[in-house]
Amino acid sequence: MQQLTRPVRRGLLVVHVVVSVGWLGLSLGMLALGITGAVADSAEEAGAMYRSMNVLGDWLLIPISLLAPASGIVLSLGTPWGLARHRWVYVKFWLTLVTTGATAFALRASIDAAVADVVAGRAVGATTDLIVAPSVSLGVYTFLTAISVTKPWGLTARGRRLRAIKHR
């Protein structure tokens with residue numbers, strides 16, 4: 001892919017950082033709602049928390065979980081960082097794909113089941129998933145943010161080969 005121009009790269013970087021940090025913050029909010037729902041004193045309070053999680057999941061979580069990897073892929077392919085040249089980029093790529101899938105399928109399913117219980121007037125079943133999933137997400141996104149800042153581990157084997165070819 002052709003290298004992005006500086007203004008385009010910077011604009012896309014801002015979008016990627018805002019979306020990624022938004023995903024981290026949204027995970028923290030989902031965790032707070034999940035914990036509050038699990039320890040709520042009344043079914044109405046718990047139901048409000050799970051409905052809130054549903055709204056956030058429908059309107060923000062899925063779009064953000066798709067925009068973060070999309071903007072990251074375009075950035076990696078349009079800059080010298082590359083997608084598989086540096087270990088930290090490669091790790092971010094795979095962890096982001098896994099968490100995007102988990103968000104779309106596992107967490108959304110747990111939220112939908114909790115809301116279905118609330119709507120039917122039943123006690124919400126296993127609320128553990130509504131706490132564990134956002135906790136894991138929060139940990140992963142914090143880790144991804146940290147490696148984005150520190151850029152550890154150096155080049156991959158592919159990155160070393162490309163660098164050697166470039167310096168010939």
# chains A, B, ... in the order shown; residues from 1 in each chain; ligands from 1

$ residues_around --residues "Ala126 in chain A" --least-positions-apart "2" --cutoff "9 Å" --atoms "only C-alpha atoms" --output "PyMOL selection string"
chain A and resi 110+114+124+128-130

$ write_last_selection --atoms "all heavy atoms" --output "PDB file, in the first residue's frame"
ATOM      1  N   SER A 110     -24.394 -12.299  26.075  1.00  0.00           N
ATOM      2  CA  SER A 110     -24.665 -12.238  27.521  1.00  0.00           C
ATOM      3  C   SER A 110     -25.580 -11.063  27.854  1.00  0.00           C
ATOM      4  O   SER A 110     -26.495 -11.186  28.675  1.00  0.00           O
ATOM      5  CB  SER A 110     -23.355 -12.100  28.303  1.00  0.00           C
ATOM      6  OG  SER A 110     -22.551 -13.226  28.119  1.00  0.00           O
ATOM      7  N   ALA A 114     -29.446 -11.242  29.363  1.00  0.00           N
ATOM      8  CA  ALA A 114     -29.835 -10.516  30.584  1.00  0.00           C
ATOM      9  C   ALA A 114     -31.041  -9.624  30.313  1.00  0.00           C
ATOM     10  O   ALA A 114     -31.990  -9.591  31.111  1.00  0.00           O
ATOM     11  CB  ALA A 114     -28.670  -9.691  31.108  1.00  0.00           C
ATOM     12  N   VAL A 124     -32.384 -12.290  36.459  1.00  0.00           N
ATOM     13  CA  VAL A 124     -31.320 -12.417  35.466  1.00  0.00           C
ATOM     14  C   VAL A 124     -30.434 -13.586  35.854  1.00  0.00           C
ATOM     15  O   VAL A 124     -30.023 -13.720  37.007  1.00  0.00           O
ATOM     16  CB  VAL A 124     -30.509 -11.109  35.358  1.00  0.00           C
ATOM     17  CG1 VAL A 124     -29.324 -11.278  34.425  1.00  0.00           C
ATOM     18  CG2 VAL A 124     -31.408  -9.972  34.883  1.00  0.00           C
ATOM     19  N   THR A 128     -22.178 -13.309  35.989  1.00  0.00           N
ATOM     20  CA  THR A 128     -20.713 -13.365  35.997  1.00  0.00           C
ATOM     21  C   THR A 128     -20.140 -12.938  34.649  1.00  0.00           C
ATOM     22  O   THR A 128     -19.155 -12.208  34.592  1.00  0.00           O
ATOM     23  CB  THR A 128     -20.236 -14.792  36.342  1.00  0.00           C
ATOM     24  OG1 THR A 128     -20.868 -15.200  37.550  1.00  0.00           O
ATOM     25  CG2 THR A 128     -18.748 -14.854  36.497  1.00  0.00           C
ATOM     26  N   ASP A 129     -20.759 -13.379  33.555  1.00  0.00           N
ATOM     27  CA  ASP A 129     -20.275 -13.016  32.220  1.00  0.00           C
ATOM     28  C   ASP A 129     -20.320 -11.512  31.991  1.00  0.00           C
ATOM     29  O   ASP A 129     -19.505 -10.979  31.237  1.00  0.00           O
ATOM     30  CB  ASP A 129     -21.108 -13.702  31.137  1.00  0.00           C
ATOM     31  CG  ASP A 129     -20.900 -15.201  31.095  1.00  0.00           C
ATOM     32  OD1 ASP A 129     -19.931 -15.683  31.708  1.00  0.00           O
ATOM     33  OD2 ASP A 129     -21.711 -15.887  30.451  1.00  0.00           O
ATOM     34  N   LEU A 130     -21.288 -10.847  32.615  1.00  0.00           N
ATOM     35  CA  LEU A 130     -21.431  -9.405  32.434  1.00  0.00           C
ATOM     36  C   LEU A 130     -20.405  -8.619  33.245  1.00  0.00           C
ATOM     37  O   LEU A 130     -20.304  -7.402  33.107  1.00  0.00           O
ATOM     38  CB  LEU A 130     -22.847  -8.967  32.807  1.00  0.00           C
ATOM     39  CG  LEU A 130     -23.947  -9.607  31.956  1.00  0.00           C
ATOM     40  CD1 LEU A 130     -25.317  -9.251  32.505  1.00  0.00           C
ATOM     41  CD2 LEU A 130     -23.814  -9.201  30.506  1.00  0.00           C
TER      42      LEU A 130
END

$ closest_atom_pairs --of "range 97-120 of chain A" --to "range 51-71 of chain A" --cutoff "9 Å" --atoms "only C-alpha atoms" --output "JSON lines"
{"residue": "A:Leu97", "atom": "CA", "partner": "A:Pro69", "partner_atom": "CA", "distance": 7.1}
{"residue": "A:Thr99", "atom": "CA", "partner": "A:Ser65", "partner_atom": "CA", "distance": 8.1}
{"residue": "A:Thr100", "atom": "CA", "partner": "A:Ser65", "partner_atom": "CA", "distance": 5.4}
{"residue": "A:Gly101", "atom": "CA", "partner": "A:Ser65", "partner_atom": "CA", "distance": 8.7}
{"residue": "A:Thr103", "atom": "CA", "partner": "A:Ile62", "partner_atom": "CA", "distance": 7.3}
{"residue": "A:Ala104", "atom": "CA", "partner": "A:Ile62", "partner_atom": "CA", "distance": 6.3}
{"residue": "A:Leu107", "atom": "CA", "partner": "A:Gly57", "partner_atom": "CA", "distance": 8.7}
{"residue": "A:Arg108", "atom": "CA", "partner": "A:Gly57", "partner_atom": "CA", "distance": 6.9}
{"residue": "A:Ile111", "atom": "CA", "partner": "A:Asn54", "partner_atom": "CA", "distance": 6.1}
{"residue": "A:Asp112", "atom": "CA", "partner": "A:Asn54", "partner_atom": "CA", "distance": 7.0}
{"residue": "A:Ala114", "atom": "CA", "partner": "A:Arg51", "partner_atom": "CA", "distance": 8.5}
{"residue": "A:Val115", "atom": "CA", "partner": "A:Arg51", "partner_atom": "CA", "distance": 6.1}
{"residue": "A:Val118", "atom": "CA", "partner": "A:Arg51", "partner_atom": "CA", "distance": 8.4}

$ atom_distance --atom1 "CA of Ala32 in chain A" --atom2 "CA of Gly121 in chain A"
22.8 Å

$ residues_around --residues "range 160-167 of chain A" --least-positions-apart "2" --cutoff "12 Å" --atoms "only C-alpha atoms" --output "ChimeraX atom specification"
/A:80-82,84-87,154-158

$ write_last_selection --atoms "all heavy atoms" --output "tab-separated table (two decimals), in the first residue's frame"
chain	number	residue	atom	x	y	z
A	80	PRO	N	5.27	3.38	7.79
A	80	PRO	CA	6.43	2.48	7.87
A	80	PRO	C	6.31	1.41	8.97
A	80	PRO	O	7.06	0.44	8.97
A	80	PRO	CB	7.60	3.42	8.20
A	80	PRO	CG	7.17	4.76	7.73
A	80	PRO	CD	5.68	4.78	7.91
A	81	TRP	N	5.37	1.56	9.90
A	81	TRP	CA	5.23	0.55	10.96
A	81	TRP	C	4.84	-0.80	10.37
A	81	TRP	O	5.27	-1.83	10.86
A	81	TRP	CB	4.19	0.98	12.00
A	81	TRP	CG	4.65	2.11	12.85
A	81	TRP	CD1	4.18	3.40	12.82
A	81	TRP	CD2	5.68	2.08	13.83
A	81	TRP	NE1	4.86	4.17	13.73
A	81	TRP	CE2	5.79	3.38	14.36
A	81	TRP	CE3	6.52	1.11	14.31
A	81	TRP	CZ2	6.70	3.71	15.35
A	81	TRP	CZ3	7.43	1.43	15.30
A	81	TRP	CH2	7.52	2.72	15.81
A	82	GLY	N	4.02	-0.81	9.34
A	82	GLY	CA	3.61	-2.06	8.73
A	82	GLY	C	2.74	-2.90	9.65
A	82	GLY	O	2.64	-2.62	10.84
A	84	ALA	N	3.08	-6.37	9.94
A	84	ALA	CA	3.82	-7.50	10.51
A	84	ALA	C	5.33	-7.23	10.58
A	84	ALA	O	6.12	-8.15	10.52
A	84	ALA	CB	3.55	-8.75	9.69
A	85	ARG	N	5.70	-5.98	10.71
A	85	ARG	CA	7.12	-5.64	10.79
A	85	ARG	C	7.59	-5.52	12.24
A	85	ARG	O	8.74	-5.82	12.54
A	85	ARG	CB	7.40	-4.32	10.08
A	85	ARG	CG	7.23	-4.41	8.59
A	85	ARG	CD	7.53	-3.09	7.93
A	85	ARG	NE	7.20	-3.17	6.52
A	85	ARG	CZ	7.19	-2.15	5.71
A	85	ARG	NH1	7.50	-0.96	6.16
A	85	ARG	NH2	6.88	-2.32	4.46
A	86	HIS	N	6.73	-5.03	13.10
A	86	HIS	CA	7.09	-4.83	14.50
A	86	HIS	C	6.20	-5.72	15.37
A	86	HIS	O	4.99	-5.80	15.15
A	86	HIS	CB	6.91	-3.36	14.89
A	86	HIS	CG	7.84	-2.46	14.17
A	86	HIS	ND1	7.59	-2.02	12.89
A	86	HIS	CD2	9.03	-1.92	14.53
A	86	HIS	CE1	8.58	-1.25	12.50
A	86	HIS	NE2	9.48	-1.17	13.48
A	87	ARG	N	6.81	-6.34	16.35
A	87	ARG	CA	6.06	-7.28	17.19
A	87	ARG	C	4.90	-6.61	17.90
A	87	ARG	O	3.83	-7.20	18.02
A	87	ARG	CB	7.01	-7.93	18.20
A	87	ARG	CG	7.91	-8.95	17.58
A	87	ARG	CD	8.69	-9.71	18.64
A	87	ARG	NE	9.60	-10.64	18.01
A	87	ARG	CZ	10.91	-10.51	18.02
A	87	ARG	NH1	11.47	-9.50	18.64
A	87	ARG	NH2	11.67	-11.39	17.40
A	154	GLY	N	10.79	-4.91	19.44
A	154	GLY	CA	11.56	-4.84	18.20
A	154	GLY	C	10.85	-5.40	16.99
A	154	GLY	O	9.63	-5.54	16.95
A	155	LEU	N	11.66	-5.74	15.99
A	155	LEU	CA	11.15	-6.19	14.70
A	155	LEU	C	10.80	-7.67	14.71
A	155	LEU	O	11.40	-8.46	15.43
A	155	LEU	CB	12.20	-5.94	13.62
A	155	LEU	CG	12.57	-4.50	13.33
A	155	LEU	CD1	13.77	-4.45	12.40
A	155	LEU	CD2	11.39	-3.76	12.73
A	156	THR	N	9.86	-8.03	13.86
A	156	THR	CA	9.57	-9.44	13.59
A	156	THR	C	10.62	-9.95	12.61
A	156	THR	O	11.42	-9.17	12.06
A	156	THR	CB	8.17	-9.60	12.96
A	156	THR	OG1	8.16	-8.91	11.71
A	156	THR	CG2	7.07	-9.08	13.86
A	157	ALA	N	10.62	-11.24	12.32
A	157	ALA	CA	11.54	-11.79	11.32
A	157	ALA	C	11.30	-11.13	9.97
A	157	ALA	O	12.24	-10.78	9.25
A	157	ALA	CB	11.38	-13.30	11.23
A	158	ARG	N	10.04	-10.92	9.62
A	158	ARG	CA	9.70	-10.25	8.36
A	158	ARG	C	10.23	-8.82	8.37
A	158	ARG	O	10.77	-8.35	7.37
A	158	ARG	CB	8.18	-10.25	8.17
A	158	ARG	CG	7.74	-9.60	6.88
A	158	ARG	CD	6.22	-9.70	6.70
A	158	ARG	NE	5.81	-9.26	5.41
A	158	ARG	CZ	5.55	-8.00	5.09
A	158	ARG	NH1	5.66	-7.05	6.00
A	158	ARG	NH2	5.17	-7.67	3.87

$ closest_residue --among "A:Asp41, A:Gly78, A:Gln2, A:Val149" --to "Lys92 in chain A" --atoms "only C-alpha atoms"
A:Val149

$ residues_around --residues "Gln3 in chain A" --least-positions-apart "2" --cutoff "12 Å" --atoms "only C-alpha atoms" --output "number ranges by chain"
A: 1, 5-9, 74-82

$ write_last_selection --atoms "N, CA, C and O atoms" --output "PDB file, in the first residue's frame"
ATOM      1  N   MET A   1       0.844  -1.183   0.000  1.00  0.00           N
ATOM      2  CA  MET A   1       0.000   0.000   0.000  1.00  0.00           C
ATOM      3  C   MET A   1       0.888   1.244   0.000  1.00  0.00           C
ATOM      4  O   MET A   1       1.928   1.273   0.631  1.00  0.00           O
ATOM      5  N   THR A   5      -0.124  10.338   3.184  1.00  0.00           N
ATOM      6  CA  THR A   5       0.479  11.656   3.337  1.00  0.00           C
ATOM      7  C   THR A   5       0.432  12.045   4.809  1.00  0.00           C
ATOM      8  O   THR A   5      -0.373  11.506   5.587  1.00  0.00           O
ATOM      9  N   ARG A   6       1.272  12.976   5.187  1.00  0.00           N
ATOM     10  CA  ARG A   6       1.350  13.360   6.592  1.00  0.00           C
ATOM     11  C   ARG A   6       0.011  13.834   7.162  1.00  0.00           C
ATOM     12  O   ARG A   6      -0.393  13.374   8.241  1.00  0.00           O
ATOM     13  N   PRO A   7      -0.728  14.715   6.483  1.00  0.00           N
ATOM     14  CA  PRO A   7      -2.024  15.147   7.053  1.00  0.00           C
ATOM     15  C   PRO A   7      -3.029  13.995   7.173  1.00  0.00           C
ATOM     16  O   PRO A   7      -3.746  13.906   8.163  1.00  0.00           O
ATOM     17  N   VAL A   8      -3.053  13.120   6.195  1.00  0.00           N
ATOM     18  CA  VAL A   8      -3.976  11.981   6.242  1.00  0.00           C
ATOM     19  C   VAL A   8      -3.570  11.044   7.373  1.00  0.00           C
ATOM     20  O   VAL A   8      -4.410  10.574   8.145  1.00  0.00           O
ATOM     21  N   ARG A   9      -2.268  10.755   7.492  1.00  0.00           N
ATOM     22  CA  ARG A   9      -1.776   9.876   8.548  1.00  0.00           C
ATOM     23  C   ARG A   9      -2.112  10.440   9.922  1.00  0.00           C
ATOM     24  O   ARG A   9      -2.598   9.722  10.792  1.00  0.00           O
ATOM     25  N   VAL A  74      -5.492   0.234   8.436  1.00  0.00           N
ATOM     26  CA  VAL A  74      -5.156   1.247   7.430  1.00  0.00           C
ATOM     27  C   VAL A  74      -3.894   2.000   7.842  1.00  0.00           C
ATOM     28  O   VAL A  74      -3.001   2.232   7.017  1.00  0.00           O
ATOM     29  N   LEU A  75      -3.798   2.367   9.117  1.00  0.00           N
ATOM     30  CA  LEU A  75      -2.594   3.044   9.606  1.00  0.00           C
ATOM     31  C   LEU A  75      -1.356   2.174   9.429  1.00  0.00           C
ATOM     32  O   LEU A  75      -0.315   2.654   8.976  1.00  0.00           O
ATOM     33  N   SER A  76      -1.455   0.916   9.815  1.00  0.00           N
ATOM     34  CA  SER A  76      -0.271   0.050   9.737  1.00  0.00           C
ATOM     35  C   SER A  76       0.169  -0.159   8.297  1.00  0.00           C
ATOM     36  O   SER A  76       1.366  -0.188   8.013  1.00  0.00           O
ATOM     37  N   LEU A  77      -0.765  -0.304   7.392  1.00  0.00           N
ATOM     38  CA  LEU A  77      -0.411  -0.537   5.997  1.00  0.00           C
ATOM     39  C   LEU A  77       0.040   0.733   5.289  1.00  0.00           C
ATOM     40  O   LEU A  77       0.780   0.658   4.310  1.00  0.00           O
ATOM     41  N   GLY A  78      -0.387   1.894   5.785  1.00  0.00           N
ATOM     42  CA  GLY A  78      -0.046   3.157   5.131  1.00  0.00           C
ATOM     43  C   GLY A  78       1.090   3.903   5.795  1.00  0.00           C
ATOM     44  O   GLY A  78       1.340   5.067   5.476  1.00  0.00           O
ATOM     45  N   THR A  79       1.798   3.248   6.720  1.00  0.00           N
ATOM     46  CA  THR A  79       2.923   3.878   7.405  1.00  0.00           C
ATOM     47  C   THR A  79       4.099   2.899   7.442  1.00  0.00           C
ATOM     48  O   THR A  79       3.927   1.707   7.182  1.00  0.00           O
ATOM     49  N   PRO A  80       5.269   3.382   7.791  1.00  0.00           N
ATOM     50  CA  PRO A  80       6.427   2.479   7.873  1.00  0.00           C
ATOM     51  C   PRO A  80       6.307   1.414   8.970  1.00  0.00           C
ATOM     52  O   PRO A  80       7.061   0.444   8.966  1.00  0.00           O
ATOM     53  N   TRP A  81       5.367   1.563   9.903  1.00  0.00           N
ATOM     54  CA  TRP A  81       5.226   0.554  10.959  1.00  0.00           C
ATOM     55  C   TRP A  81       4.844  -0.797  10.371  1.00  0.00           C
ATOM     56  O   TRP A  81       5.268  -1.833  10.855  1.00  0.00           O
ATOM     57  N   GLY A  82       4.022  -0.808   9.342  1.00  0.00           N
ATOM     58  CA  GLY A  82       3.606  -2.056   8.728  1.00  0.00           C
ATOM     59  C   GLY A  82       2.740  -2.895   9.652  1.00  0.00           C
ATOM     60  O   GLY A  82       2.638  -2.620  10.844  1.00  0.00           O
TER      61      GLY A  82
END

$ select_by_dssp --residues "range 71-162 of chain A" --states "alpha helix (DSSP H)" --output "PyMOL selection string"
chain A and resi 71-77+87-102+108-120+129-150+157-162

$ closest_residue --among "A:Pro152, A:Gly11, A:Gly34, A:Gly47" --to "Ala123 in chain A" --atoms "only C-alpha atoms"
A:Gly47

$ atom_distance --atom1 "CA of Ile73 in chain A" --atom2 "CA of His16 in chain A"
9.8 Å
